[in-house]
Structures are given as C-alpha cells and as structure tokens.
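K.L.:
Questions regarding the structure given below will be posed in turn.
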Amino acid sequence: MHDSFLSKIEPTQVFEALVDSDWVSAMQEELNQFEALKVWRLVPKPEGKTVIGTKWVFKNKKDEDGVVIINKARLVAKGYRQEEGIDYDETYAPVACIEAIRMFLAYAAHKNFTVFQMDVKTAFLNGILKEEVYVSQPEGFVNLDKPDHVYILDKALYGLKQAPRAWYDVLSKFLVKSGFSKVKQLSTGIFINQSKYILDILRKYKMEDCKSIGTPMAPGTKIHVDPSGTSVDLRTYRGMIGSLMYLTSSRPDIMFSTCLCSRYQAAPKESHLAVVKRIFRYLKGTADLGLWYPKDTGFQLTAYSDADHAGCMLDRKSTSGHVQFLGDKLVSWASKKQLCVSTSTAEAEYVAAASCCSQVLWMRTQLRDFGFKYDKIPIYCDSKSAIAISANPVQHTKTKHIDVRLSAKAFELILKIISFQSLKVLCESFEKIVIRLKKALERRPSK
C-alpha cells in the first residue's frame with residue numbers, strides 16, 4: 001500500500017528531487033523537524049565568520065520484501081570545511097563496541113530481563129552546540145526575502161564533526177537523570193539475527209535468485225594474488241566485503257572466509273569475486289541463522305583458542321582464531337592474521353592464545369560493571385607446547401625470537417587470573433565455531 005504513494009527513485013541531484021512531489025514532501029518534513037526542535041535561526045551573514053555549506057541526501061527505506069516504505073531526505077552540513085579550534089573543539093564520543101552489546105544481551109537473557117530497542121528520530125538534532133556555527137540556507141528552500149542571510153545553529157546538524165559529541169552529552173545527562181526499571185522477560189531467551197540485512201544485500205548485488213550452497217568456502221581453498229587474472233570492479237568488490245564484514249557481528253561462521261577475501265581488496269580478480277559470491281550463496285540458504293542466548297543458564301566466562309599455522313598464501317603468516325563464552329552464550333570471536341611469521345605450530349598457537357588472553361582480560365573488566373568477578377578464567381588450547389610456554393615464559397633457544405610484550409610482573413598477574421588448560425575433550429558445538437575461525441567449513445553448520 002505504501003509503495004503506491006511513494007517515489008521509487010532516489011534522486012542524485014537536488015533539482016531531480018524538486019520536481020517530484022514525494023521528495024519535496026520529504027524535504028519539507030525534514031525542515032519541519034528543524035523548526036520543531038529549534039535547531040537554527042536565520043540571521044544576517046556575519047563578517048569574518050566561516051559559513052559551512054549544506055547538502056541534501058536522499059535515501060529510500062525498504063521493508064523485508066524490498067518495498068519502499070519511506071522517502072527519507074536528510075539535510076547535512078559539509079563538515080569537511082570546519083576548522084579545528086574555530087568551528088569545533090571536542091569531537092570524541094564513546095561508542096559501544098559490538099562485543100559489549102552482545103555481553104549486555106547475554107546478561108539480559110541470563111537475568112531474564114526484557115530488552116527494548118529504541119530509535120531516536122533525528123537524534124543529532126537534539127545535541128546542543130557550544131560553538132558558534134553558521135550554515136548556508138538549504139538548496140531549493142532559500143528565503144526569497146532574505147536570500148543573503150545564513151542560519152546560526154543552536155543545535156547540532158548531521159555532518160558536523162562535533163555532532164556525535166553534542167548528542168552524547170544530551171543523552172547521557174538524560175539517562176543519568178532518568179531511572180530505568182527492569183521488567184521480567186517471559187520468553188525463553190534472546191535471538192540475534194540479521195536475516196533482513198542478508199536479503200537486502202542479496203538484492204543489492206542481484207543474487208536473490210542464486211542457488212544456495214552448504215558452506216561459505218570449499219574445504220582446502222587457497223586464494224592467491226592471481227596477477228594474470230581478469231580484474232573486477234573495485235568498488236563492487238569492496239562493497240560486498242564491507243557488507244559481509246557488517247554481517248559478521250552476528251555470524252561467526254562467515255568470519256574466516258570474509259576476512260580471507262578482504263586481503264585482496266587492493267586488486268581483486270574474478271577468482272576472488274567467485275569466492276565472495278560463494279559466501280553470498282551460503283547466506284542465501286542460512287539467512288535464518290543467528291545467535292541464541294537462552295535464559296536460566298550459566299554465566300561462567302570461558303575461552304577457546306586455536307591457530308592455522310602458515311595458512312596465508314601471501315606471506316605464510318598464521319591465522320589466529322578465538323571465541324569467548326558466557327555460559328553457553330557466544331559473545332565474542334575473532335579471526336585475524338598474525339603480525340609475525342611463526343616458525344612452528346607451537347609459536348602460532350602461543351600467539352593466538354596471547355590474543356585470546358587480551359580479549360578475556362578486557363571482558364573481565366567489562367563484566368565487573370555487571371557485578372561479576374572472575375578469577376582463574378579457563379582458556380582452552382589444543383597445543384601442549386603453547387600451554388607450557390604460557391605457564392612458564394622463560395626465554396630459551398625456541399622462544400627467544402617471540403615478541404615479548406609483557407613484563408615478568410605483568411605476566412605473573414595474568415597467571416593469577418587466567419588458567420591455560422589443555423583441550424582434551426572439546427564439545428562438538430564449540431569445536432565447530434573455533435574451526436570456522438581458522439579454516440573453511442567442511443559442512444553446513446547445524447541450526
């Protein structure tokens with residue numbers, strides 16, 4: 001029904017939008033928000049002051065079926081023209097990392113809390129500016145009686161460098177001032193899924209009708225630079241990789257394959273694009289997979305570490321893979337090529353365990369805010385040599401070349417917190433996840 005009354009075309013120029021009544025209405029709605037929130041005031045152009053330009057950005061918002069539901073017009077400031085110390089001072093605004101969000105959701109499921117998701121319409125327009133900032137009148141909506149006037153901003157505008165900071169200040173003060181109550185959750189847990197986003201990127205890259213496949217990458221696949229291969233569109237390849245990287249926030253099963261393909265963004269070839277398209281085919285058949293955080297289960301912090309020795313065909317560097325659980329809730333994972341070339345499997349496993357240890361220490365600090373204090377956190381590793389080196393970091397001929405980043409006292413403190421353990425019997429579900437982070441899957445994961 002909405003589709004009949006909305007424009008399906010996204011304008012690239014302002015003049016294209018001004019001849020479409022649907023987009024004119026969307027632009028007017030944006031300016032009405034400015035007036036309602038008292039974002040700016042029209043004043044004579046001051047002498048000696050920088051006037052920042054503005055531009056319109058047009059975007060169609062669609063539902064899961066690809067039907068246009070909103071014509072969204074956003075007026076943004078050309079923040080790249082701002083000068084530090086004149087137009088803005090502080091720009092830093094804290095942003096929650098995805099692991100912290102997953103830890104919060106796992107805790108909410110553990111405590112049986114109800115979690116609400118909130119979207120603040122035109123959020124940045126609520127941020128109060130401390131600096132004196134002037135912007136030009138928006139194209140197509142210039143005041144005919146005062147065409148030489150400009151707007152002075154009382155509140156932040158999208159595109160300004162200090163906009164995130166201004167919004168954070170207002171939001172943090174409101175949250176501190178207001179109380180939040182915890183409501184008991186009646187469902188069996190929390191499910192995190194990005195199925196709508198998967199359908200969106202399949203449509204975007206015209207693969208919605210592709211044939212699905214059981215794994216994101218064929219076992220034993222080795223990707224090379226392929227200098228004699230046919231080049232593909234750089235922008236398309238990088239766009240596909242960017243879409244997949246965003247998806248890895250809830251899909252650890254494509255983490256290794258996506259990170260492997262991302263190493264060839266500088267000069268992608270048809271062979272590389274074929275591997276990326278296989279990941280999309282895999283997503284076509286597994287769009288319903290996600291993270292499941294059940295309630296009334298344990299909340300013990302446990303980690304698993306593994307490495308693929310000399311797996312990279314470019315420089316023979318190893319790939320580290322590690323996962324962290326809170327009870328049976330998977331909250332953090334990583335698949336990353338190591339910075340140094342490991343001369344042995346033990347060294348590769350040791351470097352992977354060190355990376356895992358770093359993540360565990362960060363999580364331990366974050367979980368203190370939830371009232372949890374963990375000691376002797378187990379990190380499971382399948383290399384007895386790496387465990388021996390970790391438990392007794394004495395340099396000798398086999399380890400003196402390994403980069404030592406910790407002092408003896410710091411390492412002694414870590415050993416009081418971390419417990420490196422041998423991986424004798426590994427639960428099948430955990431094994432699947434760790435292996436996915438260091439090599440290609442041999443079969444489709446179970447739901």
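In the structure tokens, each chain is lettered A, B, ... as it comes, each chain's residues begin at 1, and ligands are numbered from 1 in order of appearance.
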Just the strand (DSSP E) stuff from region 250-374 of chain A, please, per backbone DSSP, written as a list in words.

P.N.:
Leu291, Trp292, Tyr293, Pro294, Leu301, Thr302, Ala303, Tyr304, Ser305, Asp306, Ala307, Asp308, Thr319, Ser320, Gly321, His322, Val323, Gln324, Phe325, Leu326, Lys329, Leu330, Val331, Ser332, Trp333, Ala334, Ser335, Lys336 and Lys337 of chain A

K.L.:
Kindly export the residues of the current selection with N, CA, C and O atoms, as a short mmCIF file (atom, residue, chain, number, x, y, z; two decimals), in the first residue's frame.

P.N.:
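Produced file selection_19.cif, reproduced below:
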```
data_model
loop_
_atom_site.label_atom_id
_atom_site.label_comp_id
_atom_site.auth_asym_id
_atom_site.auth_seq_id
_atom_site.Cartn_x
_atom_site.Cartn_y
_atom_site.Cartn_z
N LEU A 291 22.47 -15.80 16.60
CA LEU A 291 22.96 -16.10 17.94
C LEU A 291 21.77 -16.31 18.87
O LEU A 291 20.83 -15.51 18.88
N TRP A 292 21.82 -17.36 19.68
CA TRP A 292 20.75 -17.68 20.60
C TRP A 292 21.28 -17.58 22.03
O TRP A 292 22.22 -18.27 22.41
N TYR A 293 20.69 -16.69 22.83
CA TYR A 293 21.06 -16.51 24.23
C TYR A 293 19.90 -16.98 25.11
O TYR A 293 18.97 -16.21 25.37
N PRO A 294 19.91 -18.23 25.56
CA PRO A 294 18.81 -18.73 26.38
C PRO A 294 18.87 -18.19 27.81
O PRO A 294 19.94 -17.81 28.30
N LEU A 301 32.67 -17.36 32.43
CA LEU A 301 33.48 -16.90 31.31
C LEU A 301 34.49 -17.98 30.93
O LEU A 301 35.30 -18.42 31.75
N THR A 302 34.43 -18.42 29.69
CA THR A 302 35.31 -19.46 29.17
C THR A 302 35.77 -19.06 27.77
O THR A 302 35.01 -18.47 27.01
N ALA A 303 37.02 -19.40 27.44
CA ALA A 303 37.57 -19.03 26.13
C ALA A 303 38.24 -20.23 25.48
O ALA A 303 38.72 -21.14 26.16
N TYR A 304 38.27 -20.20 24.14
CA TYR A 304 38.90 -21.25 23.34
C TYR A 304 39.79 -20.59 22.29
O TYR A 304 39.39 -19.60 21.67
N SER A 305 40.98 -21.14 22.11
CA SER A 305 41.96 -20.55 21.20
C SER A 305 42.51 -21.61 20.26
O SER A 305 42.67 -22.78 20.64
N ASP A 306 42.80 -21.19 19.02
CA ASP A 306 43.38 -22.10 18.04
C ASP A 306 44.10 -21.28 16.97
O ASP A 306 43.94 -20.06 16.91
N ALA A 307 44.89 -21.94 16.15
CA ALA A 307 45.65 -21.24 15.11
C ALA A 307 45.83 -22.14 13.90
O ALA A 307 45.91 -23.37 14.01
N ASP A 308 45.90 -21.51 12.73
CA ASP A 308 46.20 -22.20 11.47
C ASP A 308 47.61 -21.80 11.06
O ASP A 308 47.84 -20.69 10.60
N THR A 319 47.01 -17.74 11.05
CA THR A 319 45.73 -17.10 11.37
C THR A 319 45.30 -17.53 12.77
O THR A 319 45.25 -18.72 13.07
N SER A 320 45.02 -16.53 13.61
CA SER A 320 44.54 -16.79 14.97
C SER A 320 43.02 -16.85 14.99
O SER A 320 42.36 -16.06 14.30
N GLY A 321 42.48 -17.75 15.76
CA GLY A 321 41.04 -17.83 15.96
C GLY A 321 40.74 -18.06 17.43
O GLY A 321 41.37 -18.91 18.06
N HIS A 322 39.84 -17.27 17.98
CA HIS A 322 39.47 -17.50 19.38
C HIS A 322 38.03 -17.06 19.61
O HIS A 322 37.50 -16.19 18.92
N VAL A 323 37.38 -17.73 20.57
CA VAL A 323 35.99 -17.43 20.93
C VAL A 323 35.89 -17.34 22.44
O VAL A 323 36.67 -17.95 23.18
N GLN A 324 34.91 -16.55 22.91
CA GLN A 324 34.66 -16.40 24.33
C GLN A 324 33.17 -16.62 24.61
O GLN A 324 32.32 -16.06 23.90
N PHE A 325 32.89 -17.44 25.62
CA PHE A 325 31.52 -17.76 26.00
C PHE A 325 31.22 -17.24 27.40
O PHE A 325 32.11 -17.20 28.26
N LEU A 326 29.97 -16.87 27.62
CA LEU A 326 29.43 -16.64 28.95
C LEU A 326 28.40 -17.74 29.18
O LEU A 326 27.28 -17.66 28.68
N LYS A 329 26.58 -19.00 25.98
CA LYS A 329 26.26 -17.86 25.13
C LYS A 329 27.53 -17.34 24.47
O LYS A 329 28.43 -16.83 25.15
N LEU A 330 27.62 -17.44 23.18
CA LEU A 330 28.77 -16.95 22.44
C LEU A 330 28.68 -15.43 22.31
O LEU A 330 27.74 -14.90 21.72
N VAL A 331 29.64 -14.71 22.90
CA VAL A 331 29.56 -13.26 22.92
C VAL A 331 30.72 -12.58 22.18
O VAL A 331 30.64 -11.41 21.83
N SER A 332 31.80 -13.29 21.94
CA SER A 332 32.95 -12.65 21.28
C SER A 332 33.71 -13.69 20.48
O SER A 332 33.84 -14.84 20.89
N TRP A 333 34.22 -13.26 19.32
CA TRP A 333 35.03 -14.14 18.48
C TRP A 333 35.91 -13.29 17.58
O TRP A 333 35.67 -12.11 17.34
N ALA A 334 36.95 -13.91 17.07
CA ALA A 334 37.87 -13.19 16.18
C ALA A 334 38.59 -14.18 15.29
O ALA A 334 38.87 -15.32 15.68
N SER A 335 38.88 -13.76 14.08
CA SER A 335 39.71 -14.49 13.13
C SER A 335 40.63 -13.47 12.48
O SER A 335 40.18 -12.64 11.70
N LYS A 336 41.90 -13.53 12.81
CA LYS A 336 42.82 -12.47 12.38
C LYS A 336 44.18 -13.05 12.03
O LYS A 336 44.70 -13.92 12.72
N LYS A 337 44.74 -12.53 10.95
CA LYS A 337 46.08 -12.94 10.55
C LYS A 337 47.09 -12.36 11.53
O LYS A 337 47.02 -11.18 11.90
#
```

K.L.:
Would you kindly return, as a list of chain:residue names, each protein, DNA or RNA residue with an atom no farther than 8 Å from any atom of Leu199 (chain A), considering only C-alpha atoms and excluding same-chain residues fewer than 2 positions away?

P.N.:
A:Glu64, A:Ser195, A:Lys196, A:Tyr197, A:Ile201, A:Leu202, A:Arg203, A:Glu208, A:Lys284, A:Ala287

K.L.:
Using only C-alpha atoms, which residue out of A:Met255, A:Ala73, A:Val14, A:Cys357 lies closest to Ala26 (chain A)?

P.N.:
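Checking each candidate against Ala26 (chain A), we get A:Ala73 as the closest.
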
K.L.:
Which neighbours of Gly242 (chain A) fall inside 12 Å, counting only C-alpha atoms, when residues of the same chain fewer than 4 positions from it are skipped, and could you give them as a list in words?

P.N.:
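My reading of the contact set: Ile201, Arg235, Thr236, Tyr237, Arg238, Tyr246, Leu247, Thr248, Thr258, Cys259, Cys261, Ser262, Gln265 and Val276 of chain A.
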
K.L.:
May I have the residues from that selection written out with C-alpha atoms, as a PDB file, in the first residue's frame?

P.N.:
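Saved file out16.pdb follows:
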```pdb
ATOM      1  CA  ILE A 201      22.487  -7.306   0.280  1.00  0.00           C
ATOM      2  CA  ARG A 235      34.011  -0.561  -5.863  1.00  0.00           C
ATOM      3  CA  THR A 236      31.679  -3.552  -6.175  1.00  0.00           C
ATOM      4  CA  TYR A 237      34.171  -5.960  -4.603  1.00  0.00           C
ATOM      5  CA  ARG A 238      34.905  -3.651  -1.685  1.00  0.00           C
ATOM      6  CA  TYR A 246      28.985  -5.843   8.933  1.00  0.00           C
ATOM      7  CA  LEU A 247      27.197  -9.189   8.923  1.00  0.00           C
ATOM      8  CA  THR A 248      29.947 -10.905  10.932  1.00  0.00           C
ATOM      9  CA  THR A 258      35.197 -12.873   4.780  1.00  0.00           C
ATOM     10  CA  CYS A 259      38.496 -11.869   6.394  1.00  0.00           C
ATOM     11  CA  CYS A 261      38.705 -12.386   0.923  1.00  0.00           C
ATOM     12  CA  SER A 262      39.234  -8.920   2.399  1.00  0.00           C
ATOM     13  CA  GLN A 265      40.707  -5.628  -1.946  1.00  0.00           C
ATOM     14  CA  VAL A 276      32.940 -13.854  -2.326  1.00  0.00           C
TER      15      VAL A 276
END
```

K.L.:
Hey, which of A:Ile69, A:Ile128, A:Ser212, A:Met207 ends up closest to Leu171 (chain A)? Count only C-alpha atoms.

P.N.:
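Under the stated criterion, the closest residue is A:Ile128.
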
K.L.:
Could you check how far CA of Asp328 (chain A) sits from CA of Met103 (chain A), in Å to one decimal?

P.N.:
12.2 Å

K.L.:
Excluding His272 (chain A) and residues on its chain fewer than 3 positions from it, collect all residues at most 10 Å away from it, counting only C-alpha atoms, and give them as a list in words.

P.N.:
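What passes the distance filter is Ile223, His224, Val225, Asp226, Gly229, Ser231, Val232, Tyr237, Leu260, Cys261, Ser262, Arg263, Tyr264, Gln265, Ala267, Pro268, Lys269, Val275, Val276 and Lys277 of chain A.
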
K.L.:
Of the candidates A:Lys38, A:Lys177, A:Lys55, A:Lys206, which one gets nearest to Ile152 (chain A) if we count only C-alpha atoms?

P.N.:
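Of the candidates, the smallest distance to Ile152 (chain A) is held by A:Lys38.
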
K.L.:
Which residues, written as a list in words, have at least one atom at most 6 Å from region 364-376 of chain A, with only C-alpha atoms counted and residues fewer than 2 positions away on the same chain left out?

P.N.:
Leu361, Trp362, Ile417, Ile418 and Ser419 of chain A

K.L.:
Would you return as a PyMOL selection string the members of region 4-185 of chain A that DSSP assigns to helix (DSSP H, G or I) on this structure's backbone?

P.N.:
chain A and resi 4-5+14-18+21-37+79-81+98-110+123-126+163-177

K.L.:
Please identify all polymer residues within 10 Å of Glu10 (chain A), counting only C-alpha atoms, omitting same-chain residues fewer than 3 positions from it, and present them as an NGL selection string.

P.N.:
:A and (7 or 13 or 16-17 or 23 or 57-60 or 71-73)

K.L.:
Restricting the calculation to only C-alpha atoms: of A:Phe280, A:Phe256, A:Phe116, A:Trp40, which residue gets closest to Leu157 (chain A)?

P.N.:
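For Leu157 (chain A), the nearest of the given residues is A:Trp40.
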